[in-house]
file work36.cif (mmCIF, C-alpha atoms)
data_entry
#
loop_
_atom_site.label_atom_id
_atom_site.label_comp_id
_atom_site.auth_asym_id
_atom_site.auth_seq_id
_atom_site.Cartn_x
_atom_site.Cartn_y
_atom_site.Cartn_z
CA LYS A 1 128.05 -86.04 49.00
CA ALA A 2 128.03 -82.53 50.43
CA GLY A 3 124.89 -80.47 49.93
CA VAL A 4 124.52 -76.94 48.64
CA THR A 5 126.53 -74.57 50.80
CA GLN A 6 125.68 -70.91 51.17
CA THR A 7 127.79 -68.36 52.98
CA PRO A 8 127.40 -66.38 55.04
CA ARG A 9 124.36 -67.66 56.95
CA TYR A 10 123.45 -64.26 58.34
CA LEU A 11 124.38 -60.77 57.20
CA ILE A 12 123.53 -57.30 58.46
CA LYS A 13 124.13 -54.32 56.21
CA THR A 14 123.03 -50.70 56.05
CA ARG A 15 121.27 -48.91 53.24
CA GLY A 16 123.51 -47.95 50.36
CA GLN A 17 126.05 -50.67 50.98
CA GLN A 18 126.64 -53.59 48.68
CA VAL A 19 126.76 -57.29 49.50
CA THR A 20 128.07 -60.47 47.92
CA LEU A 21 126.59 -63.87 48.69
CA SER A 22 128.25 -67.15 47.84
CA CYS A 23 126.89 -70.52 46.83
CA SER A 24 128.71 -73.82 46.29
CA PRO A 25 126.52 -76.33 44.47
CA ILE A 26 126.50 -80.08 44.86
CA SER A 27 129.49 -81.61 43.12
CA GLY A 28 128.66 -82.30 39.48
CA HIS A 29 125.72 -79.90 39.36
CA ARG A 30 126.18 -77.26 36.68
CA SER A 31 122.97 -75.28 37.11
CA VAL A 32 122.66 -72.77 39.95
CA SER A 33 119.52 -70.73 40.60
CA TRP A 34 118.96 -67.91 43.06
CA TYR A 35 115.71 -67.01 44.79
CA GLN A 36 114.66 -64.22 47.11
CA GLN A 37 112.14 -65.10 49.80
CA THR A 38 110.18 -62.52 51.78
CA PRO A 39 107.00 -62.87 53.86
CA GLY A 40 105.12 -60.54 51.51
CA GLN A 41 106.28 -61.69 48.07
CA GLY A 42 107.12 -65.30 48.76
CA LEU A 43 109.76 -67.00 46.63
CA GLN A 44 110.85 -64.86 43.73
CA PHE A 45 113.20 -66.11 41.02
CA LEU A 46 116.30 -63.97 40.61
CA PHE A 47 118.44 -65.71 37.98
CA GLU A 48 119.84 -69.03 36.85
CA TYR A 49 123.32 -69.89 35.64
CA PHE A 50 124.46 -72.88 33.67
CA SER A 51 128.08 -73.47 32.72
CA GLU A 52 129.05 -69.89 33.59
CA THR A 53 126.26 -68.39 31.46
CA GLN A 54 123.16 -66.65 32.73
CA ARG A 55 120.28 -68.53 31.13
CA ASN A 56 117.30 -66.95 32.84
CA LYS A 57 116.63 -63.76 34.75
CA GLY A 58 113.71 -62.72 36.91
CA ASN A 59 112.13 -59.31 37.25
CA PHE A 60 114.62 -57.65 39.53
CA PRO A 61 116.43 -54.34 39.05
CA GLY A 62 119.97 -54.17 37.74
CA ARG A 63 121.26 -53.77 41.30
CA PHE A 64 120.95 -57.54 41.52
CA SER A 65 123.63 -59.38 39.59
CA GLY A 66 125.36 -62.70 39.67
CA ARG A 67 128.01 -64.83 38.12
CA GLN A 68 129.15 -68.41 37.97
CA PHE A 69 132.70 -69.67 37.98
CA SER A 70 134.23 -72.56 36.07
CA ASN A 71 133.88 -74.82 39.13
CA SER A 72 130.10 -74.03 39.14
CA ARG A 73 130.32 -71.97 42.33
CA SER A 74 128.15 -68.90 42.09
CA GLU A 75 127.97 -65.49 43.65
CA MET A 76 125.25 -62.92 43.67
CA ASN A 77 125.77 -59.25 44.35
CA VAL A 78 123.34 -56.59 45.44
CA SER A 79 124.53 -53.01 45.13
CA THR A 80 123.08 -49.89 46.77
CA LEU A 81 121.08 -51.89 49.28
CA GLU A 82 117.54 -50.83 50.13
CA LEU A 83 115.45 -51.74 53.17
CA GLY A 84 113.24 -53.86 50.93
CA ASP A 85 116.17 -56.07 50.05
CA SER A 86 115.94 -57.66 53.50
CA ALA A 87 115.14 -61.28 52.76
CA LEU A 88 116.25 -64.87 52.82
CA TYR A 89 118.34 -65.50 49.70
CA LEU A 90 118.28 -69.10 48.58
CA CYS A 91 120.56 -70.82 46.16
CA ALA A 92 119.64 -74.09 44.48
CA SER A 93 121.56 -76.42 42.21
CA SER A 94 120.52 -79.14 39.81
CA LEU A 95 122.31 -81.46 37.43
CA GLU A 96 121.09 -79.65 34.35
CA VAL A 97 118.07 -77.79 33.16
CA THR A 98 115.68 -80.25 31.53
CA GLY A 99 112.41 -79.17 33.05
CA GLU A 100 112.26 -82.23 35.26
CA GLU A 101 115.32 -81.79 37.38
CA LYS A 102 114.63 -81.29 41.03
CA LEU A 103 116.35 -78.45 42.80
CA PHE A 104 118.60 -78.93 45.79
CA PHE A 105 118.54 -75.89 48.05
CA GLY A 106 121.06 -74.48 50.46
CA SER A 107 120.01 -73.20 53.87
CA GLY A 108 120.07 -69.63 52.62
CA THR A 109 121.60 -66.33 53.61
CA GLN A 110 119.40 -64.18 55.82
CA LEU A 111 120.13 -60.57 54.85
CA SER A 112 118.97 -57.72 57.04
CA VAL A 113 119.27 -54.17 55.72
CA LEU A 114 119.10 -51.47 58.37
CA SER B 1 103.97 -63.40 39.35
CA GLN B 2 103.24 -66.70 41.03
CA GLN B 3 102.44 -69.63 38.76
CA GLY B 4 101.09 -71.80 41.56
CA GLU B 5 98.72 -70.77 44.31
CA GLU B 6 98.37 -72.99 47.35
CA ASP B 7 95.25 -73.37 49.41
CA PRO B 8 94.81 -73.08 52.33
CA GLN B 9 97.46 -70.55 53.32
CA ALA B 10 97.64 -72.12 56.77
CA LEU B 11 96.49 -75.44 58.17
CA SER B 12 96.60 -76.69 61.75
CA ILE B 13 95.73 -80.31 62.60
CA GLN B 14 96.30 -82.89 65.33
CA GLU B 15 99.07 -85.42 65.09
CA GLY B 16 97.88 -88.56 63.38
CA GLU B 17 95.34 -86.78 61.18
CA ASN B 18 95.69 -86.39 57.43
CA ALA B 19 96.63 -83.06 55.87
CA THR B 20 95.55 -81.99 52.41
CA MET B 21 96.93 -79.02 50.52
CA ASN B 22 95.89 -77.80 47.11
CA CYS B 23 97.71 -75.99 44.35
CA SER B 24 96.31 -74.25 41.30
CA TYR B 25 98.33 -73.07 38.34
CA LYS B 26 97.66 -70.97 35.28
CA THR B 27 99.49 -72.27 32.23
CA SER B 28 99.98 -75.72 30.76
CA ILE B 29 102.74 -77.73 32.39
CA ASN B 30 104.95 -80.74 31.74
CA ASN B 31 105.20 -81.56 35.42
CA LEU B 32 104.53 -80.18 38.87
CA GLN B 33 106.76 -80.48 41.91
CA TRP B 34 106.14 -80.21 45.64
CA TYR B 35 108.70 -78.94 48.12
CA ARG B 36 108.83 -78.61 51.91
CA GLN B 37 110.53 -75.86 53.86
CA ASN B 38 111.25 -75.89 57.55
CA SER B 39 111.27 -72.46 59.16
CA GLY B 40 114.15 -70.31 57.92
CA ARG B 41 115.78 -73.13 56.00
CA GLY B 42 116.09 -74.18 52.38
CA LEU B 43 113.46 -76.12 50.47
CA VAL B 44 113.52 -79.87 50.15
CA HIS B 45 112.12 -81.65 47.10
CA LEU B 46 109.30 -84.06 47.96
CA ILE B 47 107.80 -85.38 44.76
CA LEU B 48 107.40 -84.69 41.03
CA ILE B 49 104.31 -85.62 39.04
CA ARG B 50 104.27 -85.51 35.25
CA SER B 51 101.40 -84.08 33.25
CA ASN B 52 100.43 -87.55 31.99
CA GLU B 53 100.16 -88.90 35.54
CA ARG B 54 97.07 -88.56 37.70
CA GLU B 55 98.38 -89.81 41.01
CA LYS B 56 101.71 -90.57 42.61
CA HIS B 57 102.73 -91.96 45.99
CA SER B 58 105.88 -91.63 48.05
CA GLY B 59 105.75 -93.01 51.58
CA ARG B 60 103.05 -91.08 53.44
CA LEU B 61 102.69 -88.60 50.57
CA ARG B 62 100.06 -88.83 47.88
CA VAL B 63 99.96 -86.30 45.06
CA THR B 64 97.21 -85.93 42.49
CA LEU B 65 97.17 -83.86 39.34
CA ASP B 66 94.15 -82.72 37.35
CA THR B 67 95.39 -80.95 34.22
CA SER B 68 91.85 -80.14 33.09
CA LYS B 69 91.33 -78.11 36.26
CA LYS B 70 94.96 -77.00 36.43
CA SER B 71 95.20 -78.16 39.99
CA SER B 72 97.16 -80.54 42.19
CA SER B 73 96.78 -81.77 45.74
CA LEU B 74 99.27 -83.05 48.29
CA LEU B 75 98.01 -85.43 50.96
CA ILE B 76 100.12 -86.28 54.00
CA THR B 77 98.71 -89.25 55.86
CA ALA B 78 99.16 -90.01 59.57
CA SER B 79 100.81 -86.66 60.20
CA ARG B 80 103.69 -86.28 62.65
CA ALA B 81 105.06 -83.27 64.53
CA ALA B 82 108.08 -83.35 62.20
CA ASP B 83 105.76 -82.61 59.25
CA THR B 84 105.31 -79.08 60.58
CA ALA B 85 106.64 -76.92 57.74
CA SER B 86 105.59 -74.86 54.74
CA TYR B 87 104.73 -76.73 51.57
CA PHE B 88 105.12 -75.27 48.08
CA CYS B 89 104.11 -76.40 44.66
CA ALA B 90 106.30 -75.41 41.74
CA THR B 91 106.03 -75.47 37.99
CA VAL B 92 108.31 -74.54 35.13
CA GLN B 93 107.40 -71.24 33.57
CA GLY B 94 109.05 -69.81 30.52
CA ALA B 95 112.51 -71.06 29.70
CA GLN B 96 113.15 -73.70 32.35
CA LYS B 97 112.43 -71.36 35.24
CA LEU B 98 110.89 -73.05 38.30
CA VAL B 99 108.22 -70.82 39.84
CA PHE B 100 106.85 -71.40 43.33
CA GLY B 101 103.48 -70.68 44.85
CA GLN B 102 102.98 -68.80 48.11
CA GLY B 103 102.90 -72.00 50.12
CA THR B 104 100.75 -73.64 52.77
CA ARG B 105 101.96 -73.34 56.36
CA LEU B 106 101.20 -76.66 58.07
CA THR B 107 101.23 -77.02 61.86
CA ILE B 108 100.91 -80.44 63.47
CA ASN B 109 99.78 -80.23 67.09
CA PRO B 110 100.95 -83.02 69.43
#
call {"tool": "encode", "arguments": {"input": "work36.cif", "output": "structure tokens"}}
result
Amino acid sequence: KAGVTQTPRYLIKTRGQQVTLSCSPISGHRSVSWYQQTPGQGLQFLFEYFSETQRNKGNFPGRFSGRQFSNSRSEMNVSTLELGDSALYLCASSLEVTGEEKLFFGSGTQLSVL
Amino acid sequence: SQQGEEDPQALSIQEGENATMNCSYKTSINNLQWYRQNSGRGLVHLILIRSNEREKHSGRLRVTLDTSKKSSSLLITASRAADTASYFCATVQGAQKLVFGQGTRLTINP
């Protein structure tokens, strides 16, 4: 069974640009969550999608958005990039949200904003 | 805000020794999970302990949970170089949102 796949692995952008990150969950998993990880703030929850619906959202500005497709694949978009958006963006999938489901993480997309 | 806070922030021990990491949390929980992250990679689930459990074992891992103190500990016995990683505790906060602590960076010296 293939794991969670995130593309691209590395990305370099400049301030003001926008970026789209992709995540393919484990087959059969309908919940996809996104996290931002930085040395200063640690792991911060961005949002979670289940069956194409956003179920939860963290405390990030509207520049951060996401969506989920009918095949459970998910994308997140960051518009008008800022230097502080440089981070490792992690996607995780789980079978469904029950409070006990463990998350399966991808290797992440390392975004550098110059 | 972080639900869990790990202690210590960094730990360096010799191979073969035991490593203990602690996690404190703020609100009541149904369960607590521990994850490991190798440098620059995704997190890997290690173990889940429910609120009605006090101790759980998985291989060389031993997790304890004290709900009265809102704390948990992760013990890795007979450490190996491959255990070098960051370890995070995580709890569900709000509507099914898993929140992670800042992590403990563990270094095993050969």
call {"tool": "interface_residues", "arguments": {"input": "work36.cif", "of": "chain B", "to": "chain A", "cutoff": "8 Å", "atoms": "only C-alpha atoms", "output": "PyMOL selection string"}}
result
chain B and resi 30-31+33+40-45+48+92+95-102
call {"tool": "residues_around", "arguments": {"input": "work36.cif", "residues": "Ser51 in chain A", "least_positions_apart": "5", "cutoff": "9 Å", "atoms": "all atoms listed in the file", "output": "list in words"}}
result
Arg30, Ser31, Gln68, Phe69, Ser70, Asn71 and Ser72 of chain A
call {"tool": "residues_around", "arguments": {"input": "work36.cif", "residues": "His57 in chain B", "least_positions_apart": "3", "cutoff": "12 Å", "atoms": "only C-alpha atoms", "output": "ChimeraX atom specification"}}
result
/B:46-49,53-54,60-65,73-77
call {"tool": "closest_residue", "arguments": {"input": "work36.cif", "among": "B:Ser28, B:Arg80, B:Ser71, B:Cys89", "to": "Gln14 in chain B", "atoms": "all atoms listed in the file"}}
result
B:Arg80
call {"tool": "atom_distance", "arguments": {"input": "work36.cif", "atom1": "CA of Ser39 in chain B", "atom2": "CA of Tyr87 in chain B"}}
result
10.9 Å
call {"tool": "atom_distance", "arguments": {"input": "work36.cif", "atom1": "CA of Leu21 in chain A", "atom2": "CA of Gln6 in chain A"}}
result
7.5 Å
call {"tool": "atom_distance", "arguments": {"input": "work36.cif", "atom1": "CA of Asn52 in chain B", "atom2": "CA of Pro8 in chain B"}}
result
25.6 Å
